[in-house]
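> I have a structure I would like to understand better, so I am pasting it below and will then ask my questions one at a time.
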Amino acid sequence: MTRLSSIIVPVVFLLNGLTAQIIIPEWFEKLPDSPSGFCYSVGYSGKYQNQSLARQVATSRALSNMAKQHSVRLIFEIEEFADGRFRLLNPSFELSYDESVLLDITANYTPIDSSITNEGYYILIACPSIEWRPQFPSNDKTWEKQPKWTKALPNSRHYIYGIGIVSNYSSWIRAWKDADEYARFDLGKNIEIEAESIHAVQRDDRFTIESKILRLSCDIVLKQSFIVERWYDQKNDIYYSLCCKERRDNPH
Amino acid sequence: MKKLILIALLVPLALMLVNCGGGKPKAKMQDIPEWYLNPPMAEDAIYEAGDAAKQSMGLAKEAADARARDAIARTIEVKVSNMLKNFMQESGIGEDAEALEFTSSVSKQVANTVLRGCLITKREMKTEGALYHAYSLAEYNLNSLIQESLNEARKQKALYNEAKANLSFDDLEKEIQKLEAVGQ
């Protein structure tokens, strides 16, 4: 029995280590400020036996993230029907970006830093191509304590924010991809959303039946939106992404 | 034997009753955010809270956000309607059918059009058994509301003119703009 547990425990620990994300580069958690005229973007991939393949996948993700930062069209709709007996909720998300922008970025970028951890491969790129290497902290680290923005939206006169939250993903790569996209949708909805609803309440001596049809939708093009921070709640397995965009009416 | 039959009948009945009474787990009072029970009040903004309990965290968040924003839209409708009704009554035309139609039309349109800058400023996620319970707080700045009301009132100018030909539309705009002092 002792022998069996001595085999099972390390195996479980190893499997857990493969799926959870414990060590990360500093710039994955918090995107550094880029020099004027340049943009940074982060890419990541899981562990591959072939390291160059891991780099290729991470770079490809960094490039598509850069294209989304540049300009992305978001179409969101949520409908809720409730009539006292049943409740239907139907959200839909559609994200698209211009393929030609991606091609331009692919032809004009520089890898700035990269990191290999037990869980995966990470890369930070700059666009347009940069001749010199900017200085910023590039250490690998564990996750910080829970940031305030995970509970309350940061309040700024110059920037507008959105938060993406996902949970219970078997792959941290898929989780971050979705958390980042939901953060962009959240930002878009904070800027502009169309709301329509019909409510009806029917009361008798014993019961109240509330019926409603609710529809919220938005179709928006977001330009220059950045995933500036990420945080992983290891205890509850929740992934948070913070998306930021300069306000349109910002005088600076 | 009789006892056995009695037990065999009572046990399923008891299980049925437990199952019926159980239902979804209820949120513990200490887990409910204070801002959900008592949304903040401000002179320059409207706050409304929404919540949803779902098996998926993402779905719970989306539903809670949508309900909070919908509550904002409905509050806006009442606010704009009251604002216009006050103005109409002060102008002595509050009971005219056309005036009522104008008031209702503008307030419904403002509430059912685009909410610009309606932010989800606070969110909390709790677990209740197998469910995620999301709480969201939406904030809408009154300046945005004033602008939307003005835009819609301008669109409905023809209807307003039917309501009262001898009142200038500028009076209505001034009345709506008075609110801007509150928003600043």
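Identifiers for the structure tokens are assigned positionally: chains receive A, B, ... in sequence, residues are indexed from 1 per chain, and ligands are indexed from 1 in the order shown.
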Given a cut-off of 7 Å, which residues of chain A touch chain B, counting only C-alpha atoms, written out as an MDAnalysis selection string?
chainID A and resid 151:153 165:167 190:196 216
> Just to be explicit: take each residue in the selection above, keep C-alpha atoms, and write the result as a short mmCIF file (atom, residue, chain, number, x, y, z; two decimals), in the first residue's frame.

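Ended up saving to selection19.cif:
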```cif
data_model
loop_
_atom_site.label_atom_id
_atom_site.label_comp_id
_atom_site.auth_asym_id
_atom_site.auth_seq_id
_atom_site.Cartn_x
_atom_site.Cartn_y
_atom_site.Cartn_z
CA LYS A 151 -13.12 42.74 -7.88
CA ALA A 152 -13.61 46.36 -8.93
CA LEU A 153 -13.05 47.96 -12.32
CA ILE A 165 -13.02 35.75 -16.18
CA VAL A 166 -12.98 32.02 -16.95
CA SER A 167 -12.80 28.94 -14.78
CA ASN A 190 -18.60 49.06 -21.22
CA ILE A 191 -18.19 51.48 -24.12
CA GLU A 192 -21.50 50.87 -25.87
CA ILE A 193 -24.33 48.39 -25.56
CA GLU A 194 -27.91 48.28 -26.76
CA ALA A 195 -30.48 47.20 -24.20
CA GLU A 196 -34.08 46.21 -24.83
CA LEU A 216 -28.54 43.18 -24.99
#
```
> Give me, as JSON lines, each residue of stretch 84-161 of chain A that comes within 7 Å of stretch 42-60 of chain A, together with its shortest interatomic pair and the distance in Å at one decimal, counting only C-alpha atoms, with rows ordered by chain and rising residue number.

```
{"residue": "A:Glu119", "atom": "CA", "partner": "A:Lys47", "partner_atom": "CA", "distance": 6.1}
{"residue": "A:Gly120", "atom": "CA", "partner": "A:Gly46", "partner_atom": "CA", "distance": 4.2}
{"residue": "A:Tyr121", "atom": "CA", "partner": "A:Ser45", "partner_atom": "CA", "distance": 5.2}
{"residue": "A:Tyr122", "atom": "CA", "partner": "A:Tyr44", "partner_atom": "CA", "distance": 4.4}
{"residue": "A:Ile123", "atom": "CA", "partner": "A:Gly43", "partner_atom": "CA", "distance": 5.2}
{"residue": "A:Leu124", "atom": "CA", "partner": "A:Val42", "partner_atom": "CA", "distance": 4.7}
{"residue": "A:Ile125", "atom": "CA", "partner": "A:Val42", "partner_atom": "CA", "distance": 6.5}
```
> Just want the 10 Å neighbourhood of A:Lys145, counted on only C-alpha atoms, with same-chain residues fewer than 2 positions away dropped. Output as a PyMOL selection string.
chain A and resi 142-143+147-148+231-233
> Quick one: write out the picked residues with N, CA and C atoms as a tab-separated table (two decimals), in the first residue's frame?

```tsv
chain	number	residue	atom	x	y	z
A	142	THR	N	6.37	33.67	-9.48
A	142	THR	CA	5.06	33.08	-9.17
A	142	THR	C	4.02	34.19	-9.19
A	143	TRP	N	2.75	33.82	-9.11
A	143	TRP	CA	1.68	34.82	-9.18
A	143	TRP	C	1.67	35.69	-7.93
A	147	PRO	N	-5.00	40.95	-7.26
A	147	PRO	CA	-5.05	42.40	-7.50
A	147	PRO	C	-6.47	42.95	-7.29
A	148	LYS	N	-6.53	44.25	-6.99
A	148	LYS	CA	-7.84	44.88	-6.72
A	148	LYS	C	-8.76	44.85	-7.94
A	231	TRP	N	-4.14	37.58	-14.02
A	231	TRP	CA	-3.96	36.99	-12.70
A	231	TRP	C	-4.66	35.64	-12.63
A	232	TYR	N	-3.95	34.67	-12.05
A	232	TYR	CA	-4.51	33.33	-11.93
A	232	TYR	C	-4.75	33.02	-10.45
A	233	ASP	N	-6.00	32.71	-10.12
A	233	ASP	CA	-6.36	32.32	-8.76
A	233	ASP	C	-6.15	30.81	-8.66
```
> Between atom CA of A:Glu181 and atom CA of A:Asp98, what distance in Å does the model show, to one decimal?
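Computing the Euclidean distance for atom CA of A:Glu181 and atom CA of A:Asp98 yields 15.9 Å.
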> When you count only C-alpha atoms, which of these residues is closest to A:Ile112: A:Ser71, A:Phe38, A:Ser64, A:His158?
A:Phe38
> Rank nothing, just name the residue among B:Asp31, B:Ile76, B:Ile7, B:Phe102 nearest to B:Ala45, using only C-alpha atoms.
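Looking only at the distances to B:Ala45, the closest residue turns out to be B:Ile76.
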> For a quick check of understanding, using only C-alpha atoms, which of A:Arg230, A:Arg215, A:Arg85, A:Arg73 has the smallest distance to A:Tyr97?
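Smallest separation from A:Tyr97 among the options: A:Arg73.
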> Mind the document's chain letters and residue numbers, and return as a count of residues only the residues of stretch 89-194 of chain A that DSSP labels strand (DSSP E).
37
> Extract, using only C-alpha atoms, all DNA, RNA and protein residues at most 7 Å from A:Ala82, discarding same-chain residues fewer than 6 positions from it, and format them as a PyMOL selection string.
chain A and resi 88+211-213
